[in-house]
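Note: the block below is protein_39.txt and it holds compact mmCIF, C-alpha atoms.
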```txt
# COMPACT_ATOMS: atom_id res chain seq x y z
CA MET A 1 -23.84 56.28 73.80
CA ASN A 2 -22.08 58.96 71.81
CA GLN A 3 -18.50 60.01 72.29
CA SER A 4 -18.33 63.17 74.40
CA ASP A 5 -16.28 66.20 73.44
CA SER A 6 -12.69 65.95 74.61
CA GLY A 7 -12.49 67.38 78.12
CA ALA A 8 -16.24 67.78 78.54
CA ARG A 9 -17.36 66.67 81.98
CA VAL A 10 -19.70 63.71 82.15
CA ALA A 11 -22.55 63.43 84.66
CA PHE A 12 -24.35 60.16 85.42
CA VAL A 13 -27.83 60.66 86.90
CA THR A 14 -29.66 57.60 88.21
CA GLY A 15 -33.43 57.69 88.07
CA GLY A 16 -32.81 60.49 85.61
CA ALA A 17 -35.80 59.99 83.35
CA MET A 18 -38.60 61.52 85.41
CA GLY A 19 -39.40 63.72 88.38
CA ILE A 20 -36.46 65.10 90.35
CA GLY A 21 -34.02 63.13 88.20
CA ALA A 22 -35.24 64.73 84.98
CA SER A 23 -34.86 68.21 86.47
CA ILE A 24 -31.34 67.36 87.64
CA SER A 25 -30.48 66.02 84.18
CA ARG A 26 -31.76 69.18 82.54
CA GLN A 27 -29.96 71.58 84.88
CA LEU A 28 -26.64 69.76 84.57
CA ALA A 29 -27.01 69.67 80.79
CA ASP A 30 -27.67 73.41 80.85
CA LYS A 31 -24.35 73.83 82.69
CA GLY A 32 -22.51 72.08 79.85
CA TYR A 33 -22.19 68.56 81.19
CA THR A 34 -22.67 65.57 78.97
CA VAL A 35 -25.54 63.99 80.89
CA LEU A 36 -26.11 60.26 80.95
CA VAL A 37 -29.77 59.80 81.82
CA ALA A 38 -29.66 56.47 83.65
CA ASP A 39 -32.92 54.72 84.43
CA ILE A 40 -34.41 51.25 84.61
CA ASN A 41 -36.97 52.49 82.05
CA LEU A 42 -34.87 52.91 78.91
CA ASP A 43 -37.74 54.36 76.86
CA ALA A 44 -38.32 57.09 79.44
CA ALA A 45 -34.58 57.76 79.68
CA ALA A 46 -34.38 58.05 75.89
CA LYS A 47 -37.29 60.49 75.82
CA THR A 48 -35.61 62.73 78.42
CA ALA A 49 -32.21 62.52 76.73
CA ASP A 50 -33.69 63.18 73.28
CA ALA A 51 -35.43 66.31 74.57
CA LEU A 52 -32.10 67.60 75.91
CA VAL A 53 -30.34 66.89 72.62
CA ALA A 54 -33.15 68.62 70.72
CA ALA A 55 -32.51 71.68 72.92
CA GLY A 56 -28.86 71.68 71.89
CA ARG A 57 -27.51 69.90 74.96
CA LYS A 58 -25.33 66.78 75.23
CA ALA A 59 -27.14 63.74 76.61
CA ALA A 60 -27.64 60.02 76.12
CA PRO A 61 -29.83 57.37 77.75
CA VAL A 62 -28.44 54.49 79.79
CA GLN A 63 -30.41 51.54 81.10
CA VAL A 64 -29.47 50.54 84.63
CA ASP A 65 -31.18 48.54 87.37
CA MET A 66 -30.01 49.99 90.70
CA GLY A 67 -31.15 46.85 92.46
CA ASN A 68 -28.72 44.74 90.43
CA PRO A 69 -24.99 45.30 91.12
CA ASP A 70 -24.05 43.58 87.85
CA SER A 71 -26.25 46.00 85.91
CA ILE A 72 -24.56 48.96 87.61
CA THR A 73 -21.09 47.57 86.92
CA GLN A 74 -21.94 46.99 83.26
CA ALA A 75 -23.33 50.52 82.88
CA PHE A 76 -20.14 52.09 84.22
CA ALA A 77 -17.98 49.80 82.10
CA ALA A 78 -19.84 51.22 79.08
CA VAL A 79 -19.32 54.76 80.38
CA GLU A 80 -15.57 54.14 80.68
CA LYS A 81 -15.42 52.62 77.21
CA ASP A 82 -17.46 55.33 75.47
CA TYR A 83 -16.45 58.43 77.44
CA GLY A 84 -13.33 57.51 79.41
CA ARG A 85 -14.52 59.45 82.42
CA CYS A 86 -17.27 60.15 84.94
CA ASP A 87 -17.08 63.48 86.74
CA VAL A 88 -20.43 63.74 88.49
CA LEU A 89 -22.63 61.00 89.93
CA VAL A 90 -26.10 61.81 91.21
CA ASN A 91 -27.61 58.86 93.07
CA ASN A 92 -31.24 59.82 92.68
CA ALA A 93 -32.99 56.51 91.93
CA GLY A 94 -35.03 55.06 94.76
CA ILE A 95 -38.26 53.35 95.71
CA ALA A 96 -40.78 54.01 98.45
CA LYS A 97 -43.84 52.23 99.77
CA THR A 98 -45.65 52.78 103.02
CA TYR A 99 -47.00 50.16 105.43
CA PRO A 100 -47.77 50.16 109.17
CA PHE A 101 -44.73 49.00 111.15
CA LEU A 102 -46.44 45.94 112.64
CA ASP A 103 -47.40 44.70 109.19
CA PHE A 104 -44.28 45.76 107.30
CA PRO A 105 -43.43 43.10 104.67
CA ILE A 106 -39.85 41.87 104.84
CA GLU A 107 -39.78 41.60 101.04
CA ASN A 108 -40.26 45.36 100.70
CA TRP A 109 -37.67 46.04 103.39
CA LEU A 110 -35.07 43.97 101.52
CA GLN A 111 -35.94 45.46 98.12
CA THR A 112 -35.82 49.01 99.47
CA MET A 113 -32.45 48.52 101.14
CA ASN A 114 -31.06 46.86 98.03
CA ILE A 115 -32.02 49.70 95.68
CA ASN A 116 -31.82 52.72 97.98
CA VAL A 117 -28.63 51.81 99.87
CA THR A 118 -26.66 49.04 98.16
CA GLY A 119 -27.26 50.62 94.75
CA VAL A 120 -25.81 53.91 96.03
CA LEU A 121 -22.75 52.08 97.35
CA VAL A 122 -22.08 50.16 94.13
CA ALA A 123 -22.63 53.15 91.86
CA GLY A 124 -20.50 55.31 94.16
CA GLN A 125 -17.63 52.84 93.95
CA ALA A 126 -17.86 52.54 90.17
CA ALA A 127 -18.04 56.30 89.59
CA ALA A 128 -15.29 57.12 92.08
CA ARG A 129 -12.89 54.71 90.38
CA LEU A 130 -13.28 56.80 87.22
CA MET A 131 -13.07 60.12 89.11
CA VAL A 132 -9.79 59.19 90.78
CA LYS A 133 -8.05 59.33 87.39
CA ASN A 134 -8.66 63.08 87.08
CA ARG A 135 -8.48 63.81 90.83
CA TRP A 136 -11.81 65.61 90.57
CA GLY A 137 -15.31 64.39 91.21
CA ARG A 138 -18.68 65.20 92.67
CA ILE A 139 -21.05 62.65 94.14
CA VAL A 140 -24.46 63.80 95.30
CA ASN A 141 -26.69 61.25 97.01
CA ILE A 142 -30.39 62.04 97.22
CA SER A 143 -31.59 61.14 100.69
CA SER A 144 -34.77 62.52 102.26
CA ILE A 145 -36.16 64.36 105.24
CA SER A 146 -37.50 60.88 106.07
CA GLY A 147 -33.90 59.96 106.83
CA ILE A 148 -33.69 62.79 109.38
CA ARG A 149 -37.16 62.72 110.95
CA ALA A 150 -39.31 59.61 111.16
CA GLY A 151 -42.55 59.47 109.19
CA ALA A 152 -45.50 57.13 109.61
CA GLY A 153 -45.35 54.08 107.36
CA ARG A 154 -41.78 54.73 106.26
CA THR A 155 -40.00 51.94 108.13
CA ALA A 156 -37.93 50.85 105.13
CA TYR A 157 -37.78 54.12 103.20
CA GLY A 158 -36.82 56.30 106.17
CA THR A 159 -34.28 53.81 107.44
CA SER A 160 -32.77 53.45 103.97
CA LYS A 161 -32.41 57.22 103.67
CA SER A 162 -30.79 57.41 107.11
CA ALA A 163 -28.33 54.84 105.81
CA VAL A 164 -27.69 56.96 102.70
CA ILE A 165 -26.82 59.90 104.95
CA GLY A 166 -24.36 57.74 106.90
CA LEU A 167 -22.93 56.33 103.69
CA THR A 168 -22.49 59.86 102.32
CA ARG A 169 -20.31 60.81 105.28
CA GLN A 170 -18.30 57.61 104.98
CA MET A 171 -17.72 58.12 101.26
CA ALA A 172 -16.79 61.76 101.85
CA ILE A 173 -13.97 61.10 104.28
CA GLU A 174 -12.53 58.23 102.28
CA LEU A 175 -12.64 59.97 98.89
CA ALA A 176 -11.48 63.43 100.01
CA GLU A 177 -7.82 62.63 99.32
CA HIS A 178 -8.73 61.98 95.68
CA GLY A 179 -10.31 65.38 95.09
CA ILE A 180 -13.84 63.96 95.24
CA THR A 181 -16.58 65.58 97.31
CA VAL A 182 -19.61 63.63 98.47
CA ASN A 183 -22.73 65.32 99.78
CA SER A 184 -26.42 64.58 100.14
CA VAL A 185 -29.54 66.56 99.31
CA ALA A 186 -32.53 65.66 101.47
CA PRO A 187 -35.74 66.72 99.72
CA GLY A 188 -38.84 67.59 101.67
CA PRO A 189 -42.23 66.92 100.12
CA VAL A 190 -41.97 67.45 96.37
CA ASP A 191 -44.60 67.09 93.69
CA THR A 192 -43.37 64.09 91.70
CA PRO A 193 -45.05 61.04 90.17
CA MET A 194 -43.92 59.04 93.23
CA THR A 195 -45.40 61.39 95.83
CA GLN A 196 -48.56 61.77 93.82
CA ALA A 197 -48.91 57.99 94.00
CA ILE A 198 -48.13 57.44 97.69
CA HIS A 199 -49.18 60.67 99.44
CA SER A 200 -52.78 60.50 100.64
CA GLU A 201 -54.77 63.67 101.23
CA GLU A 202 -54.10 63.17 104.94
CA THR A 203 -50.36 63.05 104.27
CA ARG A 204 -50.55 66.23 102.20
CA GLN A 205 -52.46 68.09 104.89
CA SER A 206 -49.92 66.93 107.47
CA TYR A 207 -47.08 68.36 105.39
CA TYR A 208 -48.94 71.63 104.84
CA ARG A 209 -49.21 71.94 108.65
CA LEU A 210 -45.58 71.01 109.35
CA VAL A 211 -43.73 72.79 106.53
CA PRO A 212 -43.28 76.46 107.48
CA MET A 213 -43.49 77.49 103.80
CA ARG A 214 -46.88 75.69 103.62
CA ARG A 215 -46.29 74.08 100.26
CA TYR A 216 -44.60 71.22 98.45
CA GLY A 217 -41.32 71.94 96.70
CA SER A 218 -40.70 71.72 92.98
CA THR A 219 -38.32 69.32 91.28
CA ASP A 220 -36.32 72.30 90.02
CA GLU A 221 -35.78 73.52 93.59
CA ILE A 222 -34.22 70.18 94.49
CA ALA A 223 -32.18 70.10 91.29
CA SER A 224 -30.74 73.56 91.97
CA ALA A 225 -29.15 72.35 95.20
CA VAL A 226 -27.74 69.30 93.43
CA THR A 227 -26.35 71.41 90.60
CA PHE A 228 -24.59 73.69 93.09
CA LEU A 229 -23.01 70.76 94.94
CA ALA A 230 -21.85 69.34 91.60
CA SER A 231 -20.11 72.59 90.66
CA ASP A 232 -16.61 73.98 91.17
CA ASP A 233 -18.15 76.52 93.55
CA ALA A 234 -18.83 73.75 96.10
CA SER A 235 -15.20 72.61 96.18
CA TYR A 236 -14.79 72.78 100.00
CA ILE A 237 -18.15 71.27 100.93
CA THR A 238 -18.09 67.54 101.63
CA GLY A 239 -19.78 65.11 103.97
CA HIS A 240 -22.86 67.25 104.48
CA VAL A 241 -26.61 66.81 104.16
CA ILE A 242 -28.61 69.76 102.88
CA PRO A 243 -32.36 69.55 103.49
CA VAL A 244 -34.32 71.31 100.75
CA ASP A 245 -37.58 71.20 102.64
CA GLY A 246 -39.26 74.56 103.16
CA GLY A 247 -38.16 74.51 106.81
CA PHE A 248 -39.62 71.10 107.74
CA VAL A 249 -36.55 69.79 109.60
CA ALA A 250 -36.11 73.08 111.49
CA GLY A 251 -39.77 73.29 112.43
CA GLY A 252 -41.34 72.70 115.82
CA VAL A 253 -44.36 74.61 117.08
CA LEU A 254 -45.41 76.85 114.20
CA GLU A 255 -48.21 78.90 115.74
CA ILE A 256 -48.34 81.16 118.83
```

Target encoding structure tokens, full file:
Amino acid sequence: MNQSDSGARVAFVTGGAMGIGASISRQLADKGYTVLVADINLDAAAKTADALVAAGRKAAPVQVDMGNPDSITQAFAAVEKDYGRCDVLVNNAGIAKTYPFLDFPIENWLQTMNINVTGVLVAGQAAARLMVKNRWGRIVNISSISGIRAGAGRTAYGTSKSAVIGLTRQMAIELAEHGITVNSVAPGPVDTPMTQAIHSEETRQSYYRLVPMRRYGSTDEIASAVTFLASDDASYITGHVIPVDGGFVAGGVLEI
């Protein structure tokens, strides 16, 4: 990691190497943040960070395993040592697999909860301890429409994202006195490497029927909501979940 400019805000983006995370990293870098692209895949994180630096932005890769609390603690210890601050945390890293409920493997349930929920808690604690020093911070947890409305096969994923929404509210009320806001962005269907891997053609057609805008979102559309919540302009917004979903959560009967 490289020393940041004095006073420059530092943003830590988990799962920042690809997909939604890469778009978030790029948009925050464009806003002048020193972006720490944190990912379990260090090579991918380095590639994303290097591209930002080549474009004249401030960025560095960080390896972190969100399923390992010790790894998270070590990553933030390095952030404190090298930068002395963390101003924005985006908890974007997560995993998802689909199985029928009756056959759902307990191993996947435990792994999903560990990464998608416990990882958010541990990273949130570590980042907030650094934010308290400056009495300013922004934490944005990426949840999902699957945490608001149930989806077939998503026993662990949907439940974990419901937990992230609850955790967001809990963090928000406890950190408010320290000048830290905590919100969640709940993406609808988005074209990412993960959805391309797990969304069958049947799943895609189901979304096209149920999303009023009749399309998948882009990673930049999700990142734009995150970037707003991370800004000074969102200073009085905390404890909320913003679906970025083309109308999916609002939708009921769509034809007359």

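For the residues A:Pro193, A:Gly84, A:Gly179, A:Gly166, ranking by smallest atom-to-atom distance to Leu121 of chain A using all atoms listed in the file places A:Gly166 first.
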
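Between atom CA of Gly246 of chain A and atom CA of Pro212 of chain A the interatomic distance comes to 6.2 Å.
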
* To do: Find the residues with any atom within 12 Å of (-14.3, 61.3, 101.6); use all atoms listed in the file and the coordinates as given in the file, and write the answer as an MDAnalysis selection string.
  => chainID A and resid 124:125 128 132 137:139 166:183 236:240

Output of the above residues as a short mmCIF file (atom, residue, chain, number, x, y, z; two decimals), in the coordinates of the input, restricted to C-alpha atoms:
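result.cif written:
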```cif
data_model
loop_
_atom_site.label_atom_id
_atom_site.label_comp_id
_atom_site.auth_asym_id
_atom_site.auth_seq_id
_atom_site.Cartn_x
_atom_site.Cartn_y
_atom_site.Cartn_z
CA GLY A 124 -20.50 55.31 94.16
CA GLN A 125 -17.63 52.84 93.95
CA ALA A 128 -15.29 57.12 92.08
CA VAL A 132 -9.79 59.19 90.78
CA GLY A 137 -15.31 64.39 91.21
CA ARG A 138 -18.68 65.20 92.67
CA ILE A 139 -21.05 62.65 94.14
CA GLY A 166 -24.36 57.74 106.90
CA LEU A 167 -22.93 56.33 103.69
CA THR A 168 -22.49 59.86 102.32
CA ARG A 169 -20.31 60.81 105.28
CA GLN A 170 -18.30 57.61 104.98
CA MET A 171 -17.72 58.12 101.26
CA ALA A 172 -16.79 61.76 101.85
CA ILE A 173 -13.97 61.10 104.28
CA GLU A 174 -12.53 58.23 102.28
CA LEU A 175 -12.64 59.97 98.89
CA ALA A 176 -11.48 63.43 100.01
CA GLU A 177 -7.82 62.63 99.32
CA HIS A 178 -8.73 61.98 95.68
CA GLY A 179 -10.31 65.38 95.09
CA ILE A 180 -13.84 63.96 95.24
CA THR A 181 -16.58 65.58 97.31
CA VAL A 182 -19.61 63.63 98.47
CA ASN A 183 -22.73 65.32 99.78
CA TYR A 236 -14.79 72.78 100.00
CA ILE A 237 -18.15 71.27 100.93
CA THR A 238 -18.09 67.54 101.63
CA GLY A 239 -19.78 65.11 103.97
CA HIS A 240 -22.86 67.25 104.48
#
```

Shell of 10 Å around Gly151 of chain A, only C-alpha atoms, local chain residues under 5 positions omitted, as a CSV table (one decimal) with C-alpha atoms, keeping the file's coordinate frame:
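Saved as result31.csv:
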```csv
chain,number,residue,atom,x,y,z
A,98,THR,CA,-45.6,52.8,103.0
A,145,ILE,CA,-36.2,64.4,105.2
A,146,SER,CA,-37.5,60.9,106.1
A,157,TYR,CA,-37.8,54.1,103.2
A,158,GLY,CA,-36.8,56.3,106.2
A,203,THR,CA,-50.4,63.0,104.3
```

* Exercise: Asp245 of chain A partners within 12 Å, all atoms listed in the file, chain neighbours under 6 positions left out, as an MDAnalysis selection string -> chainID A and resid 143:146 148:149 185:190 207:208 210:219 221:222 225 251

* With only C-alpha atoms as the atoms that count, which of A:Lys47, A:Arg26, A:Arg85, A:Arg204 lies nearest to Val10 of chain A? -> A:Arg85

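Here atom CA of Phe104 of chain A stands at a distance of 25.3 Å from atom CA of Asp191 of chain A.
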
Surrounding residues of Tyr33 of chain A excluding itself and chain neighbours under 4 positions, 6 Å, all atoms listed in the file, as an mmCIF file with C-alpha atoms, in the coordinates of the input:
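Dumped to result_24.cif:
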```
data_model
loop_
_atom_site.group_PDB
_atom_site.id
_atom_site.type_symbol
_atom_site.label_atom_id
_atom_site.label_comp_id
_atom_site.auth_asym_id
_atom_site.auth_seq_id
_atom_site.Cartn_x
_atom_site.Cartn_y
_atom_site.Cartn_z
ATOM 1 C CA ARG A 9 -17.360 66.670 81.980
ATOM 2 C CA VAL A 10 -19.700 63.710 82.150
ATOM 3 C CA LEU A 28 -26.640 69.760 84.570
ATOM 4 C CA ALA A 29 -27.010 69.670 80.790
#
```

Six-sided padding of 8 Å per side, axis-aligned box over segment 159-170 of chain A, centre and edges in Å, one decimal, as lines of an AutoDock Vina configuration file:
```
center_x = -26.3
center_y = 57.1
center_z = 104.9
size_x = 32.0
size_y = 23.4
size_z = 21.1
```

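Between atom CA of Leu110 of chain A and atom CA of Gly153 of chain A lies a distance of 15.6 Å.
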
Would you pick out the contacts of Thr227 of chain A at 8 Å or less, using all atoms listed in the file, so that residues sharing its chain but fewer than 2 positions from it are not included, and give the list as a CSV table (one decimal) with C-alpha atoms, in the coordinates of the input?
```csv
chain,number,residue,atom,x,y,z
A,24,ILE,CA,-31.3,67.4,87.6
A,27,GLN,CA,-30.0,71.6,84.9
A,28,LEU,CA,-26.6,69.8,84.6
A,223,ALA,CA,-32.2,70.1,91.3
A,224,SER,CA,-30.7,73.6,92.0
A,225,ALA,CA,-29.2,72.4,95.2
A,229,LEU,CA,-23.0,70.8,94.9
A,230,ALA,CA,-21.8,69.3,91.6
A,231,SER,CA,-20.1,72.6,90.7
```

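With all atoms listed in the file as the atoms that count, the residue of A:Ala127, A:Trp136, A:Ala93, A:Trp109 with the shortest distance to Thr73 of chain A is A:Ala127.
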
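Contact shell of Gly16 of chain A at 10 Å (all atoms listed in the file; same-chain neighbours under 3 positions omitted): Phe12, Val13, Gly19, Ile20, Gly21, Ala22, Ser23, Ile24, Ser25, Arg26, Val35, Leu36, Val37, Ala38, Asp39, Ile40, Asn41, Ala44, Ala45, Thr48, Ala49, Pro61, Val62, Val90, Asn91, Asn92 and Ala93 of chain A.
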